[in-house]
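So this block is structure_3.cif, mmCIF, C-alpha atoms and all ligand atoms:
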```
data_protein
#
loop_
_atom_site.label_atom_id
_atom_site.label_comp_id
_atom_site.auth_asym_id
_atom_site.auth_seq_id
_atom_site.Cartn_x
_atom_site.Cartn_y
_atom_site.Cartn_z
CA MET A 8 -18.78 -24.60 -2.58
CA LEU A 9 -16.99 -25.20 0.68
CA HIS A 10 -18.20 -21.88 1.96
CA GLY A 11 -21.78 -22.89 1.16
CA VAL A 12 -21.31 -25.99 3.27
CA PHE A 13 -19.96 -23.85 6.12
CA THR A 14 -23.03 -21.68 6.11
CA ALA A 15 -25.32 -24.65 5.99
CA CYS A 16 -23.42 -26.53 8.65
CA PRO A 17 -21.98 -24.06 11.13
CA ASP A 18 -20.60 -26.72 13.43
CA LEU A 19 -18.23 -27.99 10.74
CA SER A 20 -17.57 -24.67 9.09
CA GLY A 21 -14.50 -23.61 11.07
CA GLU A 22 -13.22 -27.16 11.14
CA LEU A 23 -13.44 -27.69 7.40
CA THR A 24 -11.49 -24.60 6.51
CA ARG A 25 -8.85 -25.67 8.93
CA SER A 26 -8.90 -29.27 7.82
CA ASN A 27 -5.45 -29.45 6.28
CA THR A 28 -3.77 -27.76 9.17
CA VAL A 29 -5.78 -29.75 11.64
CA PHE A 30 -4.89 -32.99 9.93
CA TYR A 31 -1.19 -32.31 10.19
CA SER A 32 -1.46 -31.18 13.77
CA VAL A 33 -3.49 -34.33 14.48
CA LEU A 34 -0.47 -36.41 13.47
CA ASN A 35 1.54 -34.71 16.16
CA SER A 36 -1.15 -34.92 18.76
CA VAL A 37 -1.30 -37.75 21.26
CA LYS A 38 -4.10 -36.64 23.50
CA LEU A 39 -7.09 -36.96 21.18
CA SER A 40 -9.84 -39.39 21.98
CA VAL A 41 -11.01 -41.95 19.40
CA THR A 42 -14.14 -39.88 18.66
CA GLN A 43 -12.04 -36.78 18.14
CA TRP A 44 -9.72 -38.72 15.84
CA LEU A 45 -12.67 -39.95 13.85
CA LYS A 46 -14.11 -36.46 13.56
CA LYS A 47 -10.80 -35.07 12.31
CA ILE A 48 -10.45 -37.84 9.74
CA ILE A 49 -14.00 -37.30 8.47
CA ILE A 50 -13.32 -33.60 8.18
CA PHE A 51 -10.10 -34.21 6.27
CA VAL A 52 -11.73 -36.61 3.84
CA LEU A 53 -14.66 -34.25 3.35
CA SER A 54 -12.32 -31.38 2.55
CA ILE A 55 -10.77 -33.47 -0.22
CA ILE A 56 -14.15 -34.51 -1.64
CA LEU A 57 -15.40 -30.94 -1.50
CA GLN A 58 -13.64 -28.17 -3.35
CA GLU A 59 -10.23 -27.37 -1.86
CA MET A 60 -9.43 -23.90 -0.70
CA ARG A 61 -7.50 -21.87 -3.26
CA ASP A 62 -3.84 -21.25 -2.39
CA ILE A 63 -3.48 -18.07 -0.40
CA GLN A 64 -1.40 -15.26 -1.92
CA MET A 65 -0.34 -11.95 -0.41
CA VAL A 66 -1.88 -10.37 -3.52
CA ASP A 67 -3.82 -12.51 -5.98
CA LEU A 68 -3.45 -10.87 -9.37
CA ASN A 69 -4.41 -14.06 -11.24
CA VAL A 70 -7.86 -14.18 -9.72
CA GLN A 71 -8.39 -10.48 -10.32
CA TYR A 72 -7.37 -10.86 -13.96
CA ALA A 73 -9.65 -13.88 -14.37
CA LYS A 74 -12.57 -11.75 -13.20
CA LEU A 75 -11.75 -8.75 -15.42
CA SER A 76 -10.14 -10.51 -18.39
CA THR A 77 -12.93 -9.90 -20.89
CA GLU A 78 -12.83 -6.13 -20.38
CA ILE A 79 -9.05 -5.95 -20.07
CA ASP A 80 -8.34 -8.07 -23.15
CA VAL A 81 -10.60 -5.87 -25.28
CA SER A 82 -8.87 -2.77 -23.94
CA ILE A 83 -5.37 -4.11 -24.61
CA LYS A 84 -6.32 -5.35 -28.08
CA SER A 85 -7.57 -1.95 -29.09
CA VAL A 86 -4.15 -0.48 -28.27
CA LEU A 87 -2.43 -3.29 -30.17
CA SER A 88 -4.49 -2.63 -33.26
CA SER A 89 -3.99 1.13 -33.10
CA ALA A 90 -0.22 0.71 -32.47
CA ALA A 91 -0.29 4.00 -30.54
CA PHE A 92 1.95 2.60 -27.83
CA ILE A 93 3.31 5.92 -26.61
CA LYS A 94 0.94 8.79 -25.82
CA GLY A 95 -2.02 6.99 -27.35
CA PRO A 96 -5.54 8.33 -26.70
CA GLU A 97 -6.05 5.98 -23.71
CA VAL A 98 -3.40 7.90 -21.76
CA LYS A 99 -5.30 11.18 -21.93
CA LYS A 100 -8.59 9.38 -21.35
CA PHE A 101 -7.20 7.72 -18.24
CA GLU A 102 -5.80 11.02 -16.94
CA ASP A 103 -9.24 12.61 -17.42
CA GLU A 104 -11.06 9.75 -15.67
CA LEU A 105 -8.58 9.73 -12.82
CA GLN A 106 -8.84 13.49 -12.46
CA LYS A 107 -12.63 13.18 -12.10
CA TYR A 108 -12.25 10.36 -9.60
CA MET A 109 -9.68 12.22 -7.52
CA GLY A 110 -11.52 15.53 -7.67
CA CYS A 111 -8.39 17.57 -8.43
CA ASP A 112 -7.57 19.94 -11.29
CA HIS A 113 -4.64 18.17 -12.95
CA VAL A 114 -3.40 14.61 -13.35
CA ILE A 115 -0.08 13.93 -15.06
CA SER A 116 0.61 10.27 -15.69
CA CYS A 117 4.19 9.00 -15.69
CA ALA A 118 6.23 5.82 -15.74
CA ASN A 119 6.14 4.86 -12.06
CA GLY A 120 5.60 6.16 -8.53
CA THR A 121 9.28 6.84 -7.93
CA ASP A 122 9.47 9.07 -11.00
CA ALA A 123 6.28 10.80 -9.86
CA LEU A 124 8.03 11.82 -6.63
CA GLN A 125 11.18 12.85 -8.48
CA ILE A 126 9.29 14.95 -11.02
CA ALA A 127 7.35 16.64 -8.21
CA LEU A 128 10.56 17.59 -6.39
CA MET A 129 12.19 18.75 -9.66
CA ALA A 130 9.22 20.99 -10.44
CA LEU A 131 9.45 22.66 -7.03
CA LYS A 132 13.03 23.67 -7.89
CA LEU A 133 14.41 22.77 -4.52
CA LYS A 134 18.14 23.41 -4.29
CA SER A 135 20.96 21.30 -3.03
CA GLY A 136 20.98 21.52 0.75
CA ASP A 137 17.27 22.36 1.04
CA GLU A 138 15.82 20.15 3.74
CA VAL A 139 13.01 17.73 3.03
CA ILE A 140 11.36 15.99 5.96
CA THR A 141 9.88 12.54 5.59
CA THR A 142 9.23 9.39 7.58
CA ASN A 143 11.85 6.79 8.37
CA PHE A 144 9.17 4.10 8.05
CA THR A 145 8.40 3.88 4.34
CA PHE A 146 9.46 2.23 1.10
CA ILE A 147 12.88 3.37 -0.09
CA ALA A 148 11.47 5.27 -3.11
CA THR A 149 10.17 8.06 -0.86
CA VAL A 150 13.64 8.92 0.35
CA GLU A 151 15.84 7.97 -2.57
CA VAL A 152 14.53 10.71 -4.84
CA VAL A 153 15.32 13.36 -2.20
CA ALA A 154 18.86 12.06 -1.87
CA LEU A 155 19.24 11.65 -5.64
CA LEU A 156 18.38 15.31 -6.25
CA GLY A 157 20.97 16.43 -3.70
CA MET A 158 18.49 17.74 -1.14
CA LYS A 159 19.07 17.14 2.54
CA LEU A 160 17.00 14.22 3.71
CA VAL A 161 15.62 14.67 7.23
CA LEU A 162 14.07 11.49 8.62
CA VAL A 163 11.54 11.50 11.44
CA GLU A 164 9.68 8.91 13.48
CA PRO A 165 6.21 7.57 12.65
CA ASP A 166 3.31 7.26 15.05
CA PRO A 167 3.60 3.72 16.49
CA HIS A 168 -0.14 3.02 16.19
CA THR A 169 -1.03 4.32 12.72
CA TYR A 170 2.53 3.85 11.34
CA ASN A 171 2.16 7.25 9.65
CA ILE A 172 4.57 10.16 10.03
CA SER A 173 4.28 11.88 13.42
CA VAL A 174 3.28 15.55 13.23
CA GLU A 175 5.07 16.24 16.51
CA ALA A 176 8.25 14.71 15.12
CA ILE A 177 7.96 16.87 11.98
CA ARG A 178 7.53 20.01 14.06
CA LYS A 179 10.70 19.24 16.02
CA ALA A 180 12.67 18.66 12.80
CA ILE A 181 11.73 21.95 11.09
CA THR A 182 14.64 24.39 10.63
CA PRO A 183 14.99 27.61 8.60
CA ARG A 184 16.28 25.41 5.73
CA THR A 185 13.22 23.16 5.64
CA LYS A 186 11.40 23.49 2.33
CA ALA A 187 9.11 20.50 2.06
CA ILE A 188 7.44 17.65 3.90
CA VAL A 189 6.70 14.33 2.22
CA PRO A 190 3.99 12.52 4.19
CA VAL A 191 3.38 8.94 3.09
CA HIS A 192 -0.16 7.59 3.45
CA LEU A 193 1.24 4.29 4.60
CA PHE A 194 -0.56 0.98 4.13
CA GLY A 195 -3.67 2.80 2.83
CA GLN A 196 -4.53 5.26 5.57
CA CYS A 197 -3.92 9.01 5.38
CA ALA A 198 -1.34 10.69 7.55
CA ASP A 199 -2.61 13.43 9.88
CA MET A 200 -3.20 15.98 7.12
CA ASP A 201 -4.89 18.50 9.44
CA GLY A 202 -1.69 18.71 11.45
CA ILE A 203 0.61 18.59 8.42
CA MET A 204 -1.25 21.31 6.49
CA LYS A 205 -1.19 23.48 9.62
CA LEU A 206 2.60 23.16 9.75
CA ALA A 207 2.82 23.89 6.01
CA LYS A 208 0.92 27.12 6.49
CA GLU A 209 2.82 28.13 9.61
CA TYR A 210 6.27 27.59 8.05
CA GLY A 211 5.51 28.13 4.33
CA LEU A 212 6.40 24.56 3.29
CA TYR A 213 5.56 22.49 0.24
CA ILE A 214 3.67 19.26 0.88
CA ILE A 215 4.20 16.31 -1.45
CA GLU A 216 1.88 13.48 -0.52
CA ASP A 217 3.25 10.05 -1.35
CA THR A 218 -0.03 8.30 -2.10
CA ALA A 219 1.47 5.17 -3.68
CA GLN A 220 -0.29 2.96 -1.12
CA ALA A 221 -3.51 4.94 -0.72
CA THR A 222 -5.12 5.67 -4.08
CA GLY A 223 -8.81 6.09 -3.31
CA ALA A 224 -8.48 6.80 0.43
CA GLU A 225 -10.30 9.87 1.65
CA TYR A 226 -9.34 12.32 4.37
CA THR A 227 -11.92 14.24 6.37
CA PHE A 228 -10.62 17.46 7.89
CA SER A 229 -11.61 18.68 11.34
CA ASP A 230 -14.00 21.17 9.65
CA GLY A 231 -15.90 18.23 8.11
CA THR A 232 -14.73 18.70 4.49
CA SER A 233 -13.20 15.74 2.69
CA LYS A 234 -10.58 15.26 0.00
CA LYS A 235 -8.99 12.31 -1.70
CA ALA A 236 -5.51 11.37 -0.48
CA GLY A 237 -3.01 12.94 -2.86
CA THR A 238 -5.07 16.05 -3.58
CA ILE A 239 -4.53 17.86 -0.28
CA GLY A 240 -0.95 19.13 -0.42
CA THR A 241 0.94 21.07 -3.07
CA ILE A 242 1.43 17.89 -5.11
CA GLY A 243 0.38 14.26 -4.68
CA THR A 244 2.01 11.25 -6.30
CA THR A 245 1.01 7.65 -6.76
CA SER A 246 2.18 4.33 -8.14
CA PHE A 247 0.35 1.81 -10.31
CA PHE A 248 2.79 -1.02 -9.51
CA PRO A 249 0.81 -4.24 -10.10
CA SER A 250 0.20 -4.99 -6.41
CA LYS A 251 -1.07 -1.51 -5.60
CA ASN A 252 -4.79 -0.96 -4.92
CA LEU A 253 -4.98 0.49 -8.42
CA GLY A 254 -2.28 -1.45 -10.23
CA CYS A 255 -1.43 -1.96 -13.89
CA TYR A 256 0.42 -4.84 -15.55
CA GLY A 257 3.87 -3.32 -15.38
CA ASP A 258 5.05 0.02 -14.05
CA GLY A 259 3.00 3.19 -13.94
CA GLY A 260 2.50 6.31 -11.86
CA ALA A 261 0.71 9.63 -11.66
CA ILE A 262 0.99 13.09 -10.18
CA PHE A 263 -1.88 15.23 -8.86
CA THR A 264 -2.05 18.97 -8.33
CA ASN A 265 -4.44 21.89 -8.33
CA ASP A 266 -1.67 24.31 -9.37
CA GLU A 267 -1.77 24.99 -13.11
CA THR A 268 1.78 26.28 -13.38
CA LEU A 269 3.20 23.31 -11.52
CA ALA A 270 1.07 20.97 -13.64
CA GLY A 271 2.55 22.40 -16.85
CA LYS A 272 6.06 22.17 -15.48
CA MET A 273 5.60 18.54 -14.36
CA ARG A 274 4.06 17.56 -17.70
CA SER A 275 7.06 19.05 -19.45
CA ILE A 276 9.64 17.50 -17.08
CA SER A 277 8.09 14.06 -17.51
CA ASN A 278 8.58 14.34 -21.27
CA HIS A 279 12.26 15.39 -21.51
CA GLY A 280 11.46 18.96 -20.46
CA MET A 281 9.83 19.49 -23.84
CA LYS A 282 7.18 22.15 -24.21
CA GLU A 283 6.87 22.09 -27.98
CA ARG A 284 8.32 19.39 -30.19
CA TYR A 285 12.13 19.54 -29.95
CA HIS A 286 12.09 22.71 -27.83
CA TYR A 287 13.27 22.10 -24.29
CA ASN A 288 12.34 24.52 -21.52
CA ASP A 289 13.28 22.32 -18.61
CA ILE A 290 15.81 19.63 -17.85
CA GLY A 291 13.54 16.65 -17.88
CA VAL A 292 13.30 12.89 -17.78
CA ASN A 293 11.69 10.23 -19.94
CA SER A 294 8.78 9.15 -17.80
CA ARG A 295 5.55 8.37 -19.63
CA LEU A 296 2.75 5.97 -18.88
CA ASP A 297 2.57 3.35 -21.66
CA THR A 298 -0.70 3.35 -23.58
CA ILE A 299 -1.26 -0.34 -22.82
CA GLN A 300 -0.96 0.37 -19.10
CA ALA A 301 -3.40 3.28 -19.41
CA ALA A 302 -5.87 0.98 -21.19
CA ILE A 303 -5.64 -1.53 -18.33
CA LEU A 304 -5.97 1.20 -15.72
CA LEU A 305 -9.08 2.57 -17.46
CA VAL A 306 -10.76 -0.76 -16.78
CA LYS A 307 -9.46 -1.15 -13.25
CA LEU A 308 -10.27 2.40 -12.14
CA LYS A 309 -13.99 1.62 -12.54
CA HIS A 310 -13.58 -1.12 -9.94
CA LEU A 311 -11.28 0.71 -7.53
CA ASP A 312 -13.92 1.60 -4.94
CA SER A 313 -15.25 -1.93 -4.86
CA PHE A 314 -11.69 -3.33 -4.62
CA ASN A 315 -11.06 -1.00 -1.69
CA SER A 316 -14.25 -1.89 0.12
CA ALA A 317 -13.52 -5.63 -0.32
CA ARG A 318 -10.12 -5.02 1.27
CA ARG A 319 -11.82 -3.17 4.14
CA LYS A 320 -14.20 -6.09 4.66
CA ALA A 321 -11.29 -8.50 4.89
CA ALA A 322 -9.60 -6.15 7.37
CA ASP A 323 -12.79 -6.04 9.46
CA CYS A 324 -12.65 -9.82 9.66
CA TYR A 325 -9.02 -9.75 10.81
CA ASP A 326 -9.76 -6.95 13.30
CA ASN A 327 -12.71 -8.77 14.85
CA ALA A 328 -10.75 -11.96 15.21
CA PHE A 329 -7.57 -10.44 16.59
CA ALA A 330 -8.92 -7.61 18.75
CA LYS A 331 -8.85 -9.68 21.91
CA CYS A 332 -5.55 -11.44 21.30
CA GLN A 333 -3.10 -10.07 23.86
CA GLU A 334 -0.09 -10.88 21.71
CA ILE A 335 -1.13 -8.79 18.74
CA ILE A 336 -1.74 -5.10 18.17
CA ILE A 337 -4.16 -4.54 15.31
CA PRO A 338 -3.65 -1.55 12.99
CA GLU A 339 -5.25 1.57 14.40
CA ARG A 340 -7.89 3.27 12.27
CA THR A 341 -8.00 7.01 12.67
CA GLY A 342 -11.33 8.82 12.71
CA ASN A 343 -10.42 11.19 9.88
CA SER A 344 -9.25 8.86 7.13
CA SER A 345 -10.87 5.99 5.34
CA HIS A 346 -8.49 3.04 5.35
CA ILE A 347 -8.14 1.18 2.07
CA PHE A 348 -5.80 -1.48 3.47
CA HIS A 349 -3.08 -1.67 0.89
CA GLN A 350 -1.56 -3.76 3.65
CA TYR A 351 -3.07 -5.27 6.77
CA THR A 352 -0.17 -4.88 9.16
CA LEU A 353 -0.16 -6.18 12.70
CA ARG A 354 2.33 -5.67 15.45
CA VAL A 355 3.35 -8.91 17.11
CA LYS A 356 4.44 -8.47 20.71
CA ASN A 357 6.96 -10.30 22.91
CA GLY A 358 9.47 -11.03 20.16
CA LYS A 359 7.26 -13.64 18.50
CA ARG A 360 6.93 -12.06 15.06
CA ASP A 361 9.52 -14.18 13.27
CA ASP A 362 8.26 -17.42 14.81
CA LEU A 363 4.70 -16.56 13.80
CA ARG A 364 5.90 -15.92 10.27
CA LYS A 365 7.71 -19.27 10.15
CA TYR A 366 4.64 -21.04 11.51
CA LEU A 367 2.38 -19.40 8.90
CA GLU A 368 4.79 -20.40 6.18
CA SER A 369 4.60 -24.01 7.40
CA VAL A 370 0.82 -23.97 6.83
CA LYS A 371 1.19 -22.27 3.44
CA ILE A 372 0.13 -18.82 4.53
CA PRO A 373 2.36 -16.12 3.10
CA SER A 374 3.16 -13.00 5.09
CA MET A 375 5.55 -10.10 4.58
CA ILE A 376 7.54 -7.70 6.68
CA TYR A 377 7.00 -4.12 5.57
CA TYR A 378 9.61 -2.91 6.47
CA PRO A 379 12.35 -5.10 7.91
CA GLY A 380 14.96 -2.40 8.53
CA PRO A 381 14.82 1.32 9.29
CA LEU A 382 16.09 3.47 6.44
CA HIS A 383 18.68 5.32 8.55
CA THR A 384 20.65 2.09 9.10
CA GLN A 385 20.79 1.14 5.42
CA GLU A 386 24.30 1.18 3.98
CA ALA A 387 23.37 3.70 1.27
CA TYR A 388 22.05 6.19 3.83
CA ARG A 389 24.83 5.98 6.44
CA SER A 390 26.13 9.33 5.19
CA LEU A 391 23.06 11.01 6.68
CA GLY A 392 24.94 10.62 9.96
CA TYR A 393 22.18 9.11 12.10
CA GLY A 394 23.13 6.79 14.95
CA ASP A 395 21.69 3.27 15.12
CA ASN A 396 19.53 4.13 18.14
CA ASP A 397 18.22 7.49 16.92
CA PHE A 398 14.82 6.10 15.87
CA PRO A 399 13.48 3.77 18.59
CA ILE A 400 9.88 3.83 17.27
CA THR A 401 10.88 2.95 13.71
CA SER A 402 13.32 0.30 14.92
CA GLY A 403 10.62 -1.19 17.21
CA LEU A 404 8.13 -1.33 14.34
CA CYS A 405 10.66 -3.01 12.09
CA ARG A 406 11.02 -5.74 14.74
CA GLU A 407 7.27 -6.19 15.30
CA VAL A 408 5.31 -5.60 12.09
CA LEU A 409 3.85 -8.40 10.03
CA SER A 410 1.59 -7.94 7.02
CA LEU A 411 -0.99 -10.65 6.35
CA PRO A 412 -2.47 -11.54 2.94
CA MET A 413 -4.60 -8.66 1.74
CA HIS A 414 -6.35 -8.22 -1.59
CA PRO A 415 -9.93 -7.75 -2.83
CA ASP A 416 -10.42 -11.41 -3.72
CA LEU A 417 -9.72 -13.05 -0.37
CA GLU A 418 -12.43 -15.67 0.17
CA GLN A 419 -14.05 -16.26 3.54
CA ASP A 420 -12.51 -19.74 3.79
CA GLN A 421 -9.06 -18.26 3.19
CA LEU A 422 -9.62 -15.60 5.84
CA ASP A 423 -10.88 -18.24 8.28
CA HIS A 424 -7.81 -20.33 7.61
CA ILE A 425 -5.43 -17.40 8.17
CA ILE A 426 -7.22 -16.27 11.33
CA TYR A 427 -7.39 -19.78 12.74
CA ASN A 428 -3.69 -20.30 12.23
CA VAL A 429 -2.61 -16.94 13.64
CA LEU A 430 -4.65 -17.57 16.80
CA ASN A 431 -3.59 -21.22 16.92
CA PHE A 432 0.05 -20.14 16.93
CA PHE A 433 -0.45 -18.10 20.08
CA GLU A 434 -2.60 -20.73 21.79
CA LYS A 435 0.24 -23.21 21.42
CA ARG A 436 2.72 -20.89 23.10
C1 LIG B 1 5.24 4.47 -0.34
C2 LIG B 1 5.75 4.24 -1.73
N1 LIG B 1 6.27 5.27 -2.40
C3 LIG B 1 6.74 5.14 -3.65
C4 LIG B 1 6.69 3.93 -4.29
C5 LIG B 1 7.30 3.81 -5.65
O1 LIG B 1 6.42 3.38 -6.63
P1 LIG B 1 6.97 2.62 -7.94
O2 LIG B 1 7.33 1.24 -7.55
O3 LIG B 1 5.82 2.69 -8.89
O4 LIG B 1 8.14 3.39 -8.41
C6 LIG B 1 6.13 2.83 -3.65
C7 LIG B 1 6.05 1.53 -4.34
O5 LIG B 1 6.12 0.47 -3.82
C8 LIG B 1 5.66 2.97 -2.32
O6 LIG B 1 5.12 1.95 -1.65
#
```
Could you take the file, read its structure, and then write that structure out as structure tokens?
Amino acid sequence: MLHGVFTACPDLSGELTRSNTVFYSVLNSVKLSVTQWLKKIIIFVLSIILQEMRDIQMVDLNVQYAKLSTEIDVSIKSVLSSAAFIKGPEVKKFEDELQKYMGCDHVISCANGTDALQIALMALKLKSGDEVITTNFTFIATVEVVALLGMKLVLVEPDPHTYNISVEAIRKAITPRTKAIVPVHLFGQCADMDGIMKLAKEYGLYIIEDTAQATGAEYTFSDGTSKKAGTIGTIGTTSFFPSKNLGCYGDGGAIFTNDETLAGKMRSISNHGMKERYHYNDIGVNSRLDTIQAAILLVKLKHLDSFNSARRKAADCYDNAFAKCQEIIIPERTGNSSHIFHQYTLRVKNGKRDDLRKYLESVKIPSMIYYPGPLHTQEAYRSLGYGDNDFPITSGLCREVLSLPMHPDLEQDQLDHIIYNVLNFFEKR
């Protein structure tokens, strides 16, 4: 309703969305004229009479559920009445639908995105001491599985503009013991897969794409052909953690490959290494996607492209508003990957990131720091032997990045409110 008023009355539109913030700032202001005071008070009263803006969340799963509840409830109920909670028909159906969507030969669902990475590495039979190169700027799951399996974790710097693993840094880190590269398609945009696949070919390396944050993103190679993120390397993995672009209502994950032998091995590993009932060919794990989660994902998959384009629209709004702000660096979009904005992550210059975050919090705008500390300085990874200053790009990003609310159901008034307050923060300083 409020948005309708904005459109009809452009002069008040920006003001109304900002009314709460403006009202509080008015109390602190001494320089306003009587007419300005009156205008602010009218705006504040109007905003109360009209519908209030919904609280802003980093990810609004309640609103998404409200929109899809009819379909999702039916889907969940059908699992409840069949009682096929493990390996029910929805699991296979979801794998088939996802395989069609991804355009790859095999999809193996599993319990979460961390297991997906672990199962992929187990299937490749890498040995203790084999080197696996990945980015220092990622969620811990990407690196913990490498360490857990006793492989040698080799961290490299990201590109400071796209935040994705730097191909040049990978090249410098390759040794005769290097066996695999794990690029992460961070925040929803593909890493430089042209460059990475070239290195893979040159040095005979496995590529495991960590696609947890980029399900649905598409990469266009320099020859003009396109593939979905996660289907380019030897194996791709993803997560269906609730806040992911394709998220379920608990934990879930999946593995993608075009290699039939690897697919069979990963299917077996994810189910205790069992090929036939009670016959174990591999040492495996218990990592299955619950039927209820598959039923939810079957509904959500149909909406994934529209979720992703709604996220892109919100990102366009942020980009347009912040492009000229000297204090902010907006996330770079590369020409060869669609960006599905799992996160909208800015860099805030001049040491103002933490103050901006505090200010946003004071006007009820959540924000997050992905990621606050480089992995090489974490207590658990000290044994890798890196020095504190070995990764200046990662460390710089950890000091500057700030992720703003991003989800498919962000309303225009919420975006206006966020944008106004981010810019207002810098105007005041
Ligand atoms: C880049 C990345 N890799 C792996 C994972 C692990 O996924 P899950 O939480 O499903 O284990 C995540 C989840 O946050 C992630 O962001």
### Query
Could you work out how far atom CA of Ser402 of chain A lies from atom CA of Asp362 of chain A, giving the answer in Å with one decimal?
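Taking atom CA of Asp362 of chain A as the start and atom CA of Ser402 of chain A as the end point, the length is 18.4 Å.
Where the distance criterion is 8 Å and the atoms used are only C-alpha atoms and all ligand atoms, the residues close to ligand LIG 1 (chain B) are Ala118, Asn119, Gly120, Thr121, Asp122, Ala123, Leu124, Thr145, Phe146, Ile147, Ala148, Thr149, Val191, His192, Leu193, Asp217, Thr218, Ala219, Gln220, Thr245, Ser246, Phe247, Phe248, Lys251, Asp258, Gly259 and Gly260 of chain A.
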### Task
Report the distance between atom CA of Asn288 of chain A and atom CA of Glu267 of chain A in Å, rounded to one decimal place.
16.4 Å
Protein and nucleic acid residues near (5.6, -16.3, 7.9) (cut-off 9 Å, only C-alpha atoms) as a PDB file with C-alpha atoms, in the coordinates of the input:
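Listing of point-v8.pdb after writing:
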```
ATOM      1  CA  ARG A 360       6.930 -12.060  15.060  1.00  0.00           C
ATOM      2  CA  ASP A 361       9.520 -14.180  13.270  1.00  0.00           C
ATOM      3  CA  ASP A 362       8.260 -17.420  14.810  1.00  0.00           C
ATOM      4  CA  LEU A 363       4.700 -16.560  13.800  1.00  0.00           C
ATOM      5  CA  ARG A 364       5.900 -15.920  10.270  1.00  0.00           C
ATOM      6  CA  LYS A 365       7.710 -19.270  10.150  1.00  0.00           C
ATOM      7  CA  TYR A 366       4.640 -21.040  11.510  1.00  0.00           C
ATOM      8  CA  LEU A 367       2.380 -19.400   8.900  1.00  0.00           C
ATOM      9  CA  GLU A 368       4.790 -20.400   6.180  1.00  0.00           C
ATOM     10  CA  SER A 369       4.600 -24.010   7.400  1.00  0.00           C
ATOM     11  CA  LYS A 371       1.190 -22.270   3.440  1.00  0.00           C
ATOM     12  CA  ILE A 372       0.130 -18.820   4.530  1.00  0.00           C
ATOM     13  CA  PRO A 373       2.360 -16.120   3.100  1.00  0.00           C
ATOM     14  CA  SER A 374       3.160 -13.000   5.090  1.00  0.00           C
ATOM     15  CA  MET A 375       5.550 -10.100   4.580  1.00  0.00           C
ATOM     16  CA  ILE A 376       7.540  -7.700   6.680  1.00  0.00           C
ATOM     17  CA  LEU A 409       3.850  -8.400  10.030  1.00  0.00           C
ATOM     18  CA  LEU A 411      -0.990 -10.650   6.350  1.00  0.00           C
TER      19      LEU A 411
END
```
### For atom CA of Cys111 of chain A and atom CA of Lys134 of chain A, the interatomic separation in Å (one decimal)
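Calculated distance between atom CA of Cys111 of chain A and atom CA of Lys134 of chain A is 27.5 Å.
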### Message
Can you pull out the residues contacting segment 430-435 of chain A? Cut-off 12 Å, using all atoms listed in the file, and skip same-chain residues under 2 positions away; I want them as a ChimeraX atom specification.
### Response
/A:25,28-29,32,325,328-335,355-357,359-370,423-428
Could the centre and edge lengths of an axis-aligned box, enclosing all atoms of segment 411-416 of chain A in the file with 3 Å extra on each side, be given in Å to one decimal as lines of an AutoDock Vina configuration file?
```
center_x = -5.7
center_y = -9.6
center_z = 1.3
size_x = 15.4
size_y = 9.8
size_z = 16.1
```
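Minimum atom-to-atom distances from A:Ile290, A:Leu269, A:Ala187, A:Leu305 to Gly211 of chain A were compared using all atoms listed in the file, and the lowest value belongs to A:Ala187.
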### Message
Taking 5 positions as the minimum chain separation for residues in the same chain, which residues sit within 10 Å of Lys307 of chain A when counting all atoms listed in the file? Answer as an MDAnalysis selection string.
### Response
chainID A and resid 71:72 75 78:79 252:255 301:302 312 314
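In this comparison, which uses all atoms listed in the file, the residue of A:His383, A:Lys159, A:Arg274, A:His346 approaching Ser116 of chain A most closely is A:Arg274.
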### For Asp323 of chain A, the nearest of the candidates A:Met109, A:Ala91, A:Met413, A:Val150, counting only C-alpha atoms
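Closest to Asp323 of chain A, using only C-alpha atoms: A:Met413.
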### Residue nearest Gly223 of chain A among A:Phe348, A:Asp201, A:Met273, A:Thr185 (counting only C-alpha atoms)
A:Phe348
### Query
Of the candidates A:Gly291, A:His279, A:Thr142, A:Ala317, which one gets nearest to Glu216 of chain A if we count all atoms listed in the file?
A:Thr142
### Query
For Arg178 of chain A, which of A:Ile126, A:Leu45, A:Val98, A:Met204 is the closest residue, counting all atoms listed in the file?
A:Met204
### Message
Give me, as a PyMOL selection string, all polymer residues having an atom no more than 6 Å from segment 160-171 of chain A, counting all atoms listed in the file and skipping those fewer than 3 positions away in the same chain.
### Response
chain A and resi 139-143+176+193+198+339
Selection to disk with C-alpha atoms, as a short mmCIF file (atom, residue, chain, number, x, y, z; two decimals), in the frame of the given file:
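In the end it all went to result-v8.cif:
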```cif
data_model
loop_
_atom_site.label_atom_id
_atom_site.label_comp_id
_atom_site.auth_asym_id
_atom_site.auth_seq_id
_atom_site.Cartn_x
_atom_site.Cartn_y
_atom_site.Cartn_z
CA VAL A 139 13.01 17.73 3.03
CA ILE A 140 11.36 15.99 5.96
CA THR A 141 9.88 12.54 5.59
CA THR A 142 9.23 9.39 7.58
CA ASN A 143 11.85 6.79 8.37
CA ALA A 176 8.25 14.71 15.12
CA LEU A 193 1.24 4.29 4.60
CA ALA A 198 -1.34 10.69 7.55
CA GLU A 339 -5.25 1.57 14.40
#
```
### Query
Could you name the residues that touch Ser250 of chain A at 9 Å or less, counting all atoms listed in the file, but leaving out those on the same chain fewer than 5 positions away, as an NGL selection string?
:A and (66-68 or 255 or 349 or 414)
### Task
Would you kindly return, as a PyMOL selection string, each protein, DNA or RNA residue with an atom no farther than 9 Å from any atom of Thr298 of chain A, considering only C-alpha atoms and excluding same-chain residues fewer than 2 positions away?
chain A and resi 83+86+91-98+295-296+300-303
